[in-house]
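Colleague: The structure is given below, and queries will be raised subsequently.
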Amino acid sequence: MASSSFVHLQCQSEYSVKNSLIRVPKLIKGVQQAGMDSVALTEDMSLFSAVKFYQKAIDYGVKPIIGAKVVVAFSSGQYDVIMLCQNNEGYLNLSELISKAYLSEYGIEGVSVTEEQLVEHQSGLIMVATSLSSDIAQLLLANESKLAEKKALSWKSIFSDRYYMSVQRTDRSSDEQLLHLTIELGLRLDIPIVATNDVQFLNKNEYEAHEARICIAEGGLLDDARRLKNFSESQYLKTADEMSELFADFPQLLNNTVEISKRCNLHFELFKKNYLPIFPTPKGQSISEFFKE
């Protein structure tokens, strides 16, 4: 498959139960049909889809990037970041990070990790500040540019060249304001920016079905004019050409997604090794010999 000019780094599947409509095999087929050679799957605080995603991607000749959208709690609230696995160490660290979140006490908004835990388990992971819900985005929207700069520099000092910020153009009210503020901050601090689309469904015409799913999860009504809509019709699996047209004024943001894909090289040895508990066996037999009996 020819190399693509863009890689989706923020996609969710049906494994993110409340949000996405996408089935994993259809995501891979959609990526392949769109002429893209790599994609990241970033479920909400989980890696439940990782093995299935990896298998299907390899089967279709698509490079899988495994990650998650991680909720980070701090003293006055919480925010989201995308964590992408560069290698097996990163996968183990992300697994442990998410496991700790589920083993701790749930907050009002659900499971989350602390910033200290994020730092402790950062090895082998690339961190991407989400466009709308990251700490940086929240500070920029609140006109706290100095605090945003301080926080971004702090993450850069920890993750070095593994720290990125992201922007979107998904027809939401704050997209353009955040895009320009984030790019200005990135240029000032020498932090690379990537374009994402926060993919929740495959095709544009699936938006209403997606909203119905959200209403079911939240107990809302589609025709409720007061209902807060957190998603837009633009959050479908855009092709590389569509993203190139959308970000024609900032092509480097697309190139940076390809560079991240090149840096993520996680390999699973699926079905090549057995990872069974070590059971005591009689007469010095191996586990396989014992099971044959």
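FYI, nothing fancy with the structure tokens labels: chains A, B, ... in order, residues from 1 per chain, ligands from 1 as they appear.
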Find the residues near Glu293 of chain A: any atom within 12 Å, counting only C-alpha atoms, skip ones fewer than 6 places away on the same chain, and give them as a list in words.
Modeller: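 Non-adjacent residues within range: Thr281, Pro282, Gln285, Ser286 and Ile287 of chain A.
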Colleague: Could you give me the residues within segment 16-195 of chain A that DSSP places in alpha helix (DSSP H), as a VMD selection string?
Modeller: chain A and resid 24 to 33 50 to 59 88 to 103 115 to 120 135 to 141 145 to 159 175 to 189
Colleague: Can you list every residue of segment 17-57 of chain A that has an atom at most 10 Å from segment 242-263 of chain A, with its nearest atom pair and the distance in Å to one decimal, using only C-alpha atoms, ordered by chain then number, as a Markdown table?
Modeller:
| residue | atom | partner | partner_atom | distance |
| --- | --- | --- | --- | --- |
| A:Asp37 | CA | A:Ser261 | CA | 9.7 |
| A:Ser38 | CA | A:Ser261 | CA | 7.0 |
| A:Val39 | CA | A:Ser261 | CA | 7.9 |
| A:Ala40 | CA | A:Ser261 | CA | 8.4 |
Colleague: Any idea what's packed within 9 Å of segment 92-103 of chain A, counting only C-alpha atoms, ignoring anything in its chain fewer than 6 positions away? Could you give it as a VMD selection string?
Modeller: chain A and resid 45 to 47 67 to 68 70 83 to 85 111 to 114 117 to 118 120 to 125
Colleague: List the neighbours of Gln168 of chain A out to 9 Å using only C-alpha atoms; skip same-chain residues closer than 5 positions along the sequence, and give me the result as a ChimeraX atom specification.
Modeller: /A:131-132,175-176,178-179,194-198
Colleague: Which of these, A:Asn265, A:Gln55, A:Ser157, A:Gln235, has the shortest distance to Asn19 of chain A once you count only C-alpha atoms?
Modeller: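 Of A:Asn265, A:Gln55, A:Ser157, A:Gln235, the one nearest Asn19 of chain A, counting only C-alpha atoms, is A:Gln235.
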Colleague: Expressed in Å to a single decimal, how great is the separation between atom CA of Cys11 of chain A and atom CA of Gln78 of chain A?
Modeller: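 Taking atom CA of Cys11 of chain A and atom CA of Gln78 of chain A, their separation equals 20.7 Å.
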Colleague: Report as a list in words all protein, DNA and RNA residues lying within 12 Å of Trp155 of chain A, evaluated on only C-alpha atoms, omitting residues in the same chain fewer than 4 positions from it.
Modeller: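 Once the adjacent positions are removed, what remains is Val81, Glu115, Glu116, Leu118, Val119, Gln122, Ile126, Met127, Val128, Ala129, Asp135, Ile136, Ala148, Glu149, Lys150, Lys151, Phe159, Ser160, Asp161, Arg162, Tyr163, Tyr164, Met165, Leu189 and Ile191 of chain A.
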Colleague: From a backbone DSSP assignment, name each residue in segment 64-249 of chain A labelled strand (DSSP E or B), as a JSON list (two decimals) with C-alpha atoms, in the first residue's frame.
Modeller:
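Below is the file that was written, states.json:
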[["chain", "number", "residue", "atom", "x", "y", "z"],
["A", 64, "PRO", "CA", -1.95, -0.56, 13.92],
["A", 65, "ILE", "CA", -1.18, 2.12, 16.49],
["A", 66, "ILE", "CA", -2.51, 1.15, 19.90],
["A", 67, "GLY", "CA", -3.37, 3.81, 22.43],
["A", 68, "ALA", "CA", -6.11, 5.17, 24.67],
["A", 69, "LYS", "CA", -7.80, 8.38, 25.66],
["A", 70, "VAL", "CA", -6.76, 8.78, 29.27],
["A", 71, "VAL", "CA", -8.66, 10.86, 31.80],
["A", 72, "VAL", "CA", -6.35, 12.74, 34.17],
["A", 73, "ALA", "CA", -7.67, 14.09, 37.47],
["A", 74, "PHE", "CA", -6.15, 17.00, 39.37],
["A", 77, "GLY", "CA", -11.06, 19.03, 37.76],
["A", 78, "GLN", "CA", -9.96, 16.66, 35.03],
["A", 79, "TYR", "CA", -8.83, 16.61, 31.41],
["A", 80, "ASP", "CA", -8.09, 14.15, 28.60],
["A", 81, "VAL", "CA", -4.92, 13.18, 26.78],
["A", 82, "ILE", "CA", -4.20, 10.65, 24.05],
["A", 83, "MET", "CA", -1.46, 8.15, 24.90],
["A", 84, "LEU", "CA", 0.04, 6.16, 22.02],
["A", 85, "CYS", "CA", 2.27, 3.11, 22.42],
["A", 107, "GLY", "CA", -14.46, 9.86, 41.08],
["A", 110, "GLY", "CA", -15.63, 7.90, 36.54],
["A", 113, "VAL", "CA", -5.36, 8.62, 36.73],
["A", 114, "THR", "CA", -3.26, 11.22, 38.47],
["A", 125, "LEU", "CA", 4.47, 6.40, 25.28],
["A", 126, "ILE", "CA", 3.73, 9.41, 23.10],
["A", 127, "MET", "CA", 1.44, 11.99, 24.66],
["A", 128, "VAL", "CA", -0.93, 14.05, 22.51],
["A", 129, "ALA", "CA", -2.90, 16.84, 24.18],
["A", 163, "TYR", "CA", 4.89, 15.44, 23.54],
["A", 164, "TYR", "CA", 2.50, 16.83, 20.92],
["A", 165, "MET", "CA", -0.56, 19.05, 20.90],
["A", 166, "SER", "CA", -3.52, 18.53, 18.57],
["A", 167, "VAL", "CA", -6.08, 20.66, 16.75],
["A", 193, "ILE", "CA", 1.14, 20.08, 16.46],
["A", 194, "VAL", "CA", -0.94, 17.37, 14.79],
["A", 195, "ALA", "CA", -4.35, 17.45, 13.12],
["A", 199, "VAL", "CA", -13.45, 9.80, 14.71],
["A", 201, "PHE", "CA", -18.40, 6.91, 13.08],
["A", 236, "TYR", "CA", -16.43, 10.59, 10.50]]
Colleague: From the list A:Gln32, A:Gln12, A:Ser154, A:Ser174, which residue is nearest Val62 of chain A when using only C-alpha atoms?
Modeller: A:Gln32
